[in-house]
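**Student:** Here it is, the structure, as C-alpha cells.
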Amino acid sequence: MRTRAPHSPQSIALGDWSHLLASICVLVGGCGEGMHGSMDSTASIPADEGKRAQPGWSATFGCSEREQVGRFQVSFQLASPLHVMRSNVIGQVMDRPSFIPGFDVLMDDGTCQLVGLAYIPSCDPACQAPALCTEDGRCVPQPRPIDVGTVRIKGLSGSVVMEPEARRNHYVHVGTLPWPPLERDSTVSLAASGRDGGAFSATARGIEPLELRAEHRGLNSHRSSAGWRWPVTRGSSFQIDWQSAGVREGVAVGIKLNIDPHGRGLGRVHCSVPDSGSFEIPAPFVDALLDLGASGWPRVTLERYSAGAAELAHGCVELRVASSFTLPVSVSGVISCNADQDCPDDETCNQLVVCDDGEGLRDRVIGARTVHHSEPPPVLADLPGWCTSQADNFSFFVTSLDALWALSGSVPGDPHGGFGGNLGGLVGADAICQRIADATQHGDRTWRAFLSATDDGSGARVDAYERVGEGPWYDAHGRLIASGTAGLWGHRPDGDPAAVADLVDECGVPLSALGNAHDVLTGSRKGGLGASLSREATCLDWTNTSLGPSSGVAAGHSFPRPGSIPGEAGSHWASDHSLQGCGKGSQLEEGNAAMQGCVGCSGGYGALYCFAL
C-alpha cells in the first residue's frame, strides 16, 4: 500500500461516484441518439483566472475517475430552514476501475466541464451482460465488489467500525453520528485491515456543513412555483450562492448543473471551485447545456468536500468528506410534473416528466391505455448463500436489487432485468417476499408485500396497509420501523429516525448505497390506500410490463430525494409520485436516462416493501 499523493482528477466528481449498475445501464441499455459529432470534445473557452486561482487553494486531491476503484464517503447535511441534521458513512471497493466509457468532456475551461454522452462503445460481437464493452472494442468482466476487511474511520464525533455486507461487500455505518459529526480542519482518517487485498489508509480534512445564504433558505428541489427557482437562461451565466466557510487548501465546492435528469441528452456541467460563497457558470457552458435538451425537475447540486486517497495494486480508493444540497432551477418552457394533475387542464405529464399538449412524445411512445393483456407469472429462482445476520425481531425489509435479479432469473448487472410490474399478482409478490425471507433464515413467519390492488385474486379491492398485519416491525439491524398500522400513515413511518430516513434491504444495506435508488412500488396513496380504481395504476394488478407512464403507477421513496424537505414532495415513503411505466429496468445514477417506460426509470429498480405478519 502507498498513500497516494494529491493530483488533479481527470474529470470533476461531485460525490455521485459512478455506480457500477448505472454504468451497465448506459452501456447496454441504449441511450437513444448520441451526441457524437455534435461537439468537439476538445473544445474550450478562455478561463477566468480570477475565479479559480486563489492563494491557499487548489483542486488537486482525490482519485481520478479512470483510476478509481472505490470510495468511502462521510456525508452530512444541515437542511435549512428546518435544521434537519443527518449523516451517514458508506463505502465499497471494486476489483477494477468502473470508469464509464462513452462520456466525454465536451467543454473545459479548467474550472468547469460540460460532460455528455459522445459515443456508445461498440463491440462485435456484442458483449453479453454482465461483461462490459471498452473504449477500444473489447469485452471485459464487469467490476466486482471485494472485501477489504474491517474499516475504521477516526476523527468523527462517534466510533465508526464497519464490516462488509455479505452479498455485495457494501460498508454501511448503522446509526446517526452525534451532531456535528466532525470539526473544521480536523483530520479524518480511514484504515482498512485488508482481506481481498492489502491493508490501506487515507486521510481527509474536516469541513463544515454546507449552508445556503439566508435569502435562499426554504428552497427545495420539488417546489412547483417557478418563482422559487434559479433560472437557466440562454446567453447568460448561471450564478449560484452559498454560505462560505473560507477559502483553504484541501477543501472545494463542487457544483453540478443538470437540466435533463429525466431525458436523453445526458449532459451536465461540473465545476470545482474555491469555497468563496459565489460562482458563475459561464454563459457558453449554459448555452451548450441547453442545446443538449431539458426535462422535468432540473436541478443544481452544491457540495462542500475534501478528499484523500490511497493506492492499491489495482487502483485508487478515495476517502471523501462531503456536505451537499440539491436545489431547483427553472428552464424556459419546462413545467415539471409527476402526474397529469400537476399540469394545466389541457396538458398531460409525458415520459420526460414535463407537461405537454398530448400531441408529441406522449402519444408516440406510450399508447399504453389500450393495453389490457396480462403476462405469464414469473418463475422464482433460488437464492443460495444469502445473508443471514439479521436481528431476531427482523420483520421488515426492502427487496434488494440482487434478490430481484436472482429471483427473476436475470443476468446480474443487466439493467433490463428484474420483474417490472409483472410480479405474478399479489400472490406472486408475496412469494417474492417470502422467498427472500426464507433465504435469510427468517421464513418461519408469513411475509406480505406492501401493495394495493383492484383485485386481490378473489375479485375484492385491497389496500396495502390491510395486508401487512398489525406490527410492530423492525429492520435487519433490529431498529424499529413502525409501531403499528397507525405508524405507517406519516411521510415517514414512526420508528427510529435513523432507520426510517434510509430504509434498508434484507441484508441491512440502505438503498441509498446503490445511488439514485429511492423508488419502491406500492400502487398506493398516502397511508397505503389504493391509488386508484384503475387497474392500470397497479400494472393490471401486478401482472403487466407493457403499460407506460399514463398508467399512473404510484411509488414511495425508501429515502427522501436529495433536497426534499420532510413532509413535502420527495419524502413520502409510501406514495410520492407516479412511475414512468411498468416495464422491467433499473436506473441508479441521477440524470441517466438510457431507458424509458420502466418501474426503475425515475430512480430505482422495482423494489417492494416486505412486512412480516
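Residue numbering restarts at 1 for every chain of the C-alpha cells, chains are lettered A, B, ... in their displayed order, and ligands are numbered from 1 as they appear.
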Set the distance at 8 Å and use only C-alpha atoms: which residues neighbour range 233-240 of chain A once local chain neighbours fewer than 2 positions away are removed? I'd like the list as a list in words.
**Tutor:** Pro231, Trp242, Ser278, Phe279, Glu280, Ile281, Pro282, Ala283, Pro284, Val286, Asp287, Leu290, Val331 and Ser332 of chain A
**Student:** Filtering to N, CA and C atoms, could you give me those residues as a PDB file, in the first residue's frame?
**Tutor:**
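Done, and the output landed in selection_7.pdb:
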```
ATOM      1  N   PRO A 231     -33.110  30.695 -12.478  1.00  0.00           N
ATOM      2  CA  PRO A 231     -33.327  30.496 -13.917  1.00  0.00           C
ATOM      3  C   PRO A 231     -32.054  30.104 -14.655  1.00  0.00           C
ATOM      4  N   TRP A 242     -23.783  30.415  -1.830  1.00  0.00           N
ATOM      5  CA  TRP A 242     -23.870  29.628  -0.611  1.00  0.00           C
ATOM      6  C   TRP A 242     -23.145  30.365   0.504  1.00  0.00           C
ATOM      7  N   SER A 278     -19.721  32.149  -3.808  1.00  0.00           N
ATOM      8  CA  SER A 278     -20.438  32.511  -5.030  1.00  0.00           C
ATOM      9  C   SER A 278     -19.636  32.059  -6.242  1.00  0.00           C
ATOM     10  N   PHE A 279     -20.357  31.668  -7.296  1.00  0.00           N
ATOM     11  CA  PHE A 279     -19.690  31.297  -8.540  1.00  0.00           C
ATOM     12  C   PHE A 279     -20.672  31.442  -9.684  1.00  0.00           C
ATOM     13  N   GLU A 280     -20.152  31.802 -10.852  1.00  0.00           N
ATOM     14  CA  GLU A 280     -20.960  31.897 -12.060  1.00  0.00           C
ATOM     15  C   GLU A 280     -20.477  30.872 -13.082  1.00  0.00           C
ATOM     16  N   ILE A 281     -21.367  29.967 -13.497  1.00  0.00           N
ATOM     17  CA  ILE A 281     -21.060  29.083 -14.617  1.00  0.00           C
ATOM     18  C   ILE A 281     -21.138  29.910 -15.887  1.00  0.00           C
ATOM     19  N   PRO A 282     -20.067  29.971 -16.696  1.00  0.00           N
ATOM     20  CA  PRO A 282     -20.049  30.869 -17.853  1.00  0.00           C
ATOM     21  C   PRO A 282     -21.166  30.581 -18.850  1.00  0.00           C
ATOM     22  N   ALA A 283     -21.611  31.629 -19.530  1.00  0.00           N
ATOM     23  CA  ALA A 283     -22.719  31.532 -20.479  1.00  0.00           C
ATOM     24  C   ALA A 283     -22.486  30.491 -21.568  1.00  0.00           C
ATOM     25  N   PRO A 284     -21.259  30.347 -22.134  1.00  0.00           N
ATOM     26  CA  PRO A 284     -21.096  29.313 -23.169  1.00  0.00           C
ATOM     27  C   PRO A 284     -21.418  27.907 -22.679  1.00  0.00           C
ATOM     28  N   VAL A 286     -23.663  27.232 -20.304  1.00  0.00           N
ATOM     29  CA  VAL A 286     -25.122  27.209 -20.177  1.00  0.00           C
ATOM     30  C   VAL A 286     -25.765  26.973 -21.537  1.00  0.00           C
ATOM     31  N   ASP A 287     -25.312  27.699 -22.556  1.00  0.00           N
ATOM     32  CA  ASP A 287     -25.886  27.546 -23.896  1.00  0.00           C
ATOM     33  C   ASP A 287     -25.669  26.127 -24.423  1.00  0.00           C
ATOM     34  N   LEU A 290     -28.038  23.734 -22.683  1.00  0.00           N
ATOM     35  CA  LEU A 290     -29.403  23.862 -23.201  1.00  0.00           C
ATOM     36  C   LEU A 290     -29.539  23.187 -24.561  1.00  0.00           C
ATOM     37  N   VAL A 331     -36.143  26.241 -16.239  1.00  0.00           N
ATOM     38  CA  VAL A 331     -35.766  26.300 -17.642  1.00  0.00           C
ATOM     39  C   VAL A 331     -36.994  26.740 -18.423  1.00  0.00           C
ATOM     40  N   SER A 332     -36.847  27.725 -19.255  1.00  0.00           N
ATOM     41  CA  SER A 332     -37.970  28.252 -20.018  1.00  0.00           C
ATOM     42  C   SER A 332     -38.643  27.146 -20.822  1.00  0.00           C
TER      43      SER A 332
END
```
**Student:** Do you know which residues are at most 10 Å from Asp382 in chain A counting only C-alpha atoms, after dropping those on the same chain fewer than 6 positions away, and could you put them as JSON, numbers by chain?
**Tutor:** {"A": [403, 406, 407, 408, 409, 435, 436, 439]}
**Student:** Could you save those same residues with N, CA, C and O atoms as an mmCIF file, in the first residue's frame?
**Tutor:**
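Below is the file that was written, selection-v8.cif:
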```
data_model
loop_
_atom_site.group_PDB
_atom_site.id
_atom_site.type_symbol
_atom_site.label_atom_id
_atom_site.label_comp_id
_atom_site.auth_asym_id
_atom_site.auth_seq_id
_atom_site.Cartn_x
_atom_site.Cartn_y
_atom_site.Cartn_z
ATOM 1 N N ALA A 403 -31.537 -9.571 -5.035
ATOM 2 C CA ALA A 403 -32.576 -10.588 -4.872
ATOM 3 C C ALA A 403 -33.534 -10.588 -6.061
ATOM 4 O O ALA A 403 -33.929 -11.651 -6.551
ATOM 5 N N ALA A 406 -31.843 -12.183 -9.004
ATOM 6 C CA ALA A 406 -31.717 -13.633 -8.861
ATOM 7 C C ALA A 406 -33.070 -14.327 -9.009
ATOM 8 O O ALA A 406 -33.201 -15.320 -9.735
ATOM 9 N N LEU A 407 -34.100 -13.830 -8.333
ATOM 10 C CA LEU A 407 -35.402 -14.478 -8.370
ATOM 11 C C LEU A 407 -36.032 -14.446 -9.756
ATOM 12 O O LEU A 407 -36.776 -15.350 -10.136
ATOM 13 N N SER A 408 -35.762 -13.380 -10.509
ATOM 14 C CA SER A 408 -36.343 -13.251 -11.849
ATOM 15 C C SER A 408 -35.517 -13.967 -12.908
ATOM 16 O O SER A 408 -35.897 -13.982 -14.085
ATOM 17 N N GLY A 409 -34.378 -14.559 -12.509
ATOM 18 C CA GLY A 409 -33.523 -15.229 -13.469
ATOM 19 C C GLY A 409 -32.754 -14.283 -14.355
ATOM 20 O O GLY A 409 -32.249 -14.679 -15.411
ATOM 21 N N ARG A 435 -39.792 -15.759 -0.279
ATOM 22 C CA ARG A 435 -38.594 -16.457 -0.739
ATOM 23 C C ARG A 435 -37.326 -15.758 -0.223
ATOM 24 O O ARG A 435 -36.363 -16.414 0.158
ATOM 25 N N ILE A 436 -37.346 -14.423 -0.218
ATOM 26 C CA ILE A 436 -36.186 -13.692 0.300
ATOM 27 C C ILE A 436 -36.045 -13.913 1.805
ATOM 28 O O ILE A 436 -34.938 -14.137 2.317
ATOM 29 N N ALA A 439 -34.520 -17.212 2.477
ATOM 30 C CA ALA A 439 -33.078 -17.247 2.221
ATOM 31 C C ALA A 439 -32.283 -16.663 3.374
ATOM 32 O O ALA A 439 -31.120 -17.022 3.578
#
```
**Student:** List every residue of range 128-308 of chain A that DSSP, applied to the backbone of this structure, places in strand (DSSP E), and write the result as a VMD selection string.
**Tutor:** chain A and resid 132 to 133 139 to 140 145 to 146 151 to 154 160 to 162 171 to 172 187 to 192 200 to 205 230 to 232 238 to 241 252 to 258 268 to 273 278 to 281 299 to 308
**Student:** What does the distance between CA of His314 in chain A and CA of Gly91 in chain A come to in Å, to one decimal place?
**Tutor:** 17.1 Å
**Student:** How far is it from CA of Gly277 in chain A to CA of Pro209 in chain A, in Å with one decimal?
**Tutor:** 13.3 Å
**Student:** Do you know which residues are at most 7 Å from Tyr474 in chain A counting only C-alpha atoms, after dropping those on the same chain fewer than 6 positions away, and could you put them as a PyMOL selection string?
**Tutor:** chain A and resi 393-396+480-481
**Student:** Store the residues picked out above in a file with all heavy atoms, as an mmCIF file, in the first residue's frame.
**Tutor:**
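Written file, part.cif:
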```cif
data_model
loop_
_atom_site.group_PDB
_atom_site.id
_atom_site.type_symbol
_atom_site.label_atom_id
_atom_site.label_comp_id
_atom_site.auth_asym_id
_atom_site.auth_seq_id
_atom_site.Cartn_x
_atom_site.Cartn_y
_atom_site.Cartn_z
ATOM 1 N N ASN A 393 -35.676 -9.887 15.843
ATOM 2 C CA ASN A 393 -37.002 -9.309 15.638
ATOM 3 C C ASN A 393 -37.225 -8.826 14.197
ATOM 4 O O ASN A 393 -38.180 -8.106 13.916
ATOM 5 C CB ASN A 393 -37.244 -8.155 16.615
ATOM 6 C CG ASN A 393 -36.199 -7.044 16.498
ATOM 7 O OD1 ASN A 393 -35.286 -7.122 15.663
ATOM 8 N ND2 ASN A 393 -36.326 -6.017 17.323
ATOM 9 N N PHE A 394 -36.370 -9.224 13.285
ATOM 10 C CA PHE A 394 -36.431 -8.834 11.877
ATOM 11 C C PHE A 394 -37.820 -9.095 11.302
ATOM 12 O O PHE A 394 -38.302 -10.221 11.294
ATOM 13 C CB PHE A 394 -35.387 -9.653 11.116
ATOM 14 C CG PHE A 394 -35.352 -9.454 9.628
ATOM 15 C CD1 PHE A 394 -35.279 -8.188 9.068
ATOM 16 C CD2 PHE A 394 -35.354 -10.558 8.780
ATOM 17 C CE1 PHE A 394 -35.216 -8.023 7.689
ATOM 18 C CE2 PHE A 394 -35.285 -10.413 7.414
ATOM 19 C CZ PHE A 394 -35.221 -9.142 6.862
ATOM 20 N N SER A 395 -38.466 -8.032 10.810
ATOM 21 C CA SER A 395 -39.842 -8.173 10.312
ATOM 22 C C SER A 395 -40.181 -7.182 9.207
ATOM 23 O O SER A 395 -41.360 -7.041 8.849
ATOM 24 C CB SER A 395 -40.831 -8.017 11.471
ATOM 25 O OG SER A 395 -40.521 -6.871 12.258
ATOM 26 N N PHE A 396 -39.180 -6.502 8.652
ATOM 27 C CA PHE A 396 -39.416 -5.564 7.553
ATOM 28 C C PHE A 396 -38.155 -5.453 6.709
ATOM 29 O O PHE A 396 -37.037 -5.437 7.254
ATOM 30 C CB PHE A 396 -39.770 -4.172 8.089
ATOM 31 C CG PHE A 396 -39.712 -3.104 7.021
ATOM 32 C CD1 PHE A 396 -40.797 -2.847 6.211
ATOM 33 C CD2 PHE A 396 -38.540 -2.376 6.813
ATOM 34 C CE1 PHE A 396 -40.732 -1.885 5.201
ATOM 35 C CE2 PHE A 396 -38.462 -1.409 5.811
ATOM 36 C CZ PHE A 396 -39.564 -1.166 5.002
ATOM 37 N N LEU A 480 -36.545 -0.135 15.127
ATOM 38 C CA LEU A 480 -37.991 -0.015 14.940
ATOM 39 C C LEU A 480 -38.298 0.763 13.657
ATOM 40 O O LEU A 480 -37.787 1.861 13.452
ATOM 41 C CB LEU A 480 -38.617 0.700 16.135
ATOM 42 C CG LEU A 480 -40.149 0.899 16.058
ATOM 43 C CD1 LEU A 480 -40.864 -0.441 16.134
ATOM 44 C CD2 LEU A 480 -40.619 1.841 17.177
ATOM 45 N N ILE A 481 -39.140 0.183 12.803
ATOM 46 C CA ILE A 481 -39.606 0.860 11.588
ATOM 47 C C ILE A 481 -40.963 1.500 11.816
ATOM 48 O O ILE A 481 -41.191 2.655 11.456
ATOM 49 C CB ILE A 481 -39.674 -0.128 10.408
ATOM 50 C CG1 ILE A 481 -38.270 -0.602 10.051
ATOM 51 C CG2 ILE A 481 -40.352 0.513 9.192
ATOM 52 C CD1 ILE A 481 -37.316 0.500 9.611
#
```
**Student:** Have a look at CA of Gln243 in chain A and CA of Thr176 in chain A and let me know their distance in Å, one decimal.
**Tutor:** 24.5 Å
**Student:** Restricting the calculation to only C-alpha atoms, which member of A:Pro125, A:His477, A:Phe559, A:Arg492 is positioned closest to Gly515 in chain A?
**Tutor:**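 Among A:Pro125, A:His477, A:Phe559, A:Arg492, it is A:Phe559 that comes nearest to Gly515 in chain A.
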**Student:** Closest to Leu190 in chain A among A:Gly155, A:Gly175, A:Gly385, A:Gly428, using only C-alpha atoms?
**Tutor:**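 Nearest candidate to Leu190 in chain A out of A:Gly155, A:Gly175, A:Gly385, A:Gly428: A:Gly155.
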**Student:** Excluding same-chain residues fewer than 6 positions from range 575-578 of chain A, what lies within 6 Å of it counting only C-alpha atoms, as JSON, numbers by chain?
**Tutor:** {"A": [338, 524, 525, 526, 552, 553, 554, 555, 556]}
**Student:** Can you write out the residues you just picked, keeping N, CA, C and O atoms, as a short mmCIF file (atom, residue, chain, number, x, y, z; two decimals), in the first residue's frame?
**Tutor:**
```cif
data_model
loop_
_atom_site.label_atom_id
_atom_site.label_comp_id
_atom_site.auth_asym_id
_atom_site.auth_seq_id
_atom_site.Cartn_x
_atom_site.Cartn_y
_atom_site.Cartn_z
N ASN A 338 -45.24 15.16 -11.91
CA ASN A 338 -45.17 13.76 -11.54
C ASN A 338 -46.40 13.00 -12.04
O ASN A 338 -46.37 11.78 -12.16
N SER A 524 -50.17 2.81 -4.24
CA SER A 524 -50.95 3.31 -3.11
C SER A 524 -50.89 4.82 -2.98
O SER A 524 -49.94 5.46 -3.42
N ARG A 525 -51.93 5.36 -2.34
CA ARG A 525 -51.92 6.74 -1.88
C ARG A 525 -51.29 6.77 -0.50
O ARG A 525 -50.81 5.78 0.02
N LYS A 526 -51.32 7.96 0.11
CA LYS A 526 -50.78 8.12 1.45
C LYS A 526 -51.42 7.11 2.40
O LYS A 526 -52.61 6.86 2.35
N GLY A 552 -50.07 5.68 -14.37
CA GLY A 552 -50.09 6.36 -13.08
C GLY A 552 -49.73 5.48 -11.90
O GLY A 552 -50.24 5.66 -10.79
N VAL A 553 -48.83 4.51 -12.09
CA VAL A 553 -48.45 3.60 -11.00
C VAL A 553 -47.73 4.37 -9.90
O VAL A 553 -46.74 5.06 -10.15
N ALA A 554 -48.23 4.24 -8.68
CA ALA A 554 -47.68 5.02 -7.57
C ALA A 554 -46.49 4.33 -6.93
O ALA A 554 -46.45 3.11 -6.80
N ALA A 555 -45.53 5.15 -6.52
CA ALA A 555 -44.33 4.66 -5.84
C ALA A 555 -44.03 5.53 -4.64
O ALA A 555 -44.32 6.72 -4.63
N GLY A 556 -43.43 4.92 -3.63
CA GLY A 556 -42.93 5.66 -2.48
C GLY A 556 -41.42 5.75 -2.55
O GLY A 556 -40.77 5.22 -3.45
#
```
**Student:** Taking only residues of range 163-191 of chain A that have an atom at most 9 Å from an atom of range 509-514 of chain A, what is each one's shortest atom pair and its distance in Å to one decimal, using only C-alpha atoms, in chain and number order, as a Markdown table?
**Tutor:**
```
| residue | atom | partner | partner_atom | distance |
| --- | --- | --- | --- | --- |
| A:Glu165 | CA | A:Val509 | CA | 7.3 |
| A:His170 | CA | A:Val509 | CA | 7.2 |
| A:Tyr171 | CA | A:Val509 | CA | 8.2 |
| A:Val172 | CA | A:Val509 | CA | 6.8 |
```
**Student:** Restricting the calculation to only C-alpha atoms, which member of A:Asp342, A:Gly137, A:Thr111, A:His491 is positioned closest to Ile255 in chain A?
**Tutor:**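 The shortest atom-to-atom distance to Ile255 in chain A comes from A:Thr111.
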**Student:** Looking only at alpha helix (DSSP H) from DSSP on the backbone, list the matching residues of range 135-303 of chain A as JSON, numbers by chain.
**Tutor:** {"A": [283, 284, 285, 286, 287, 288, 289, 290, 291]}
**Student:** Write the residues of the selection above to a file with C-alpha atoms, as a compact mmCIF listing (two decimals), in the first residue's frame.
**Tutor:**
```txt
# COMPACT_ATOMS: atom_id res chain seq x y z
CA ALA A 283 -22.72 31.53 -20.48
CA PRO A 284 -21.10 29.31 -23.17
CA PHE A 285 -21.50 26.32 -20.86
CA VAL A 286 -25.12 27.21 -20.18
CA ASP A 287 -25.89 27.55 -23.90
CA ALA A 288 -24.18 24.24 -24.74
CA LEU A 289 -26.07 22.50 -21.93
CA LEU A 290 -29.40 23.86 -23.20
CA ASP A 291 -28.53 22.59 -26.68
```
**Student:** Can you list, as a list in words, every protein, DNA or RNA residue that comes within 12 Å of Thr388 in chain A when you count only C-alpha atoms, leaving out same-chain residues fewer than 4 positions away?
**Tutor:**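 With the cut-off at 12 Å, the set is Glu165, Ala166, Arg167, Leu383, Pro384, Asp392, Phe394, Ile436, Ala437, Asp438, Ala439, Thr440, Gln441, His442, Gly443, Ala476, His477, Glu506, Cys507 and Gly508 of chain A.
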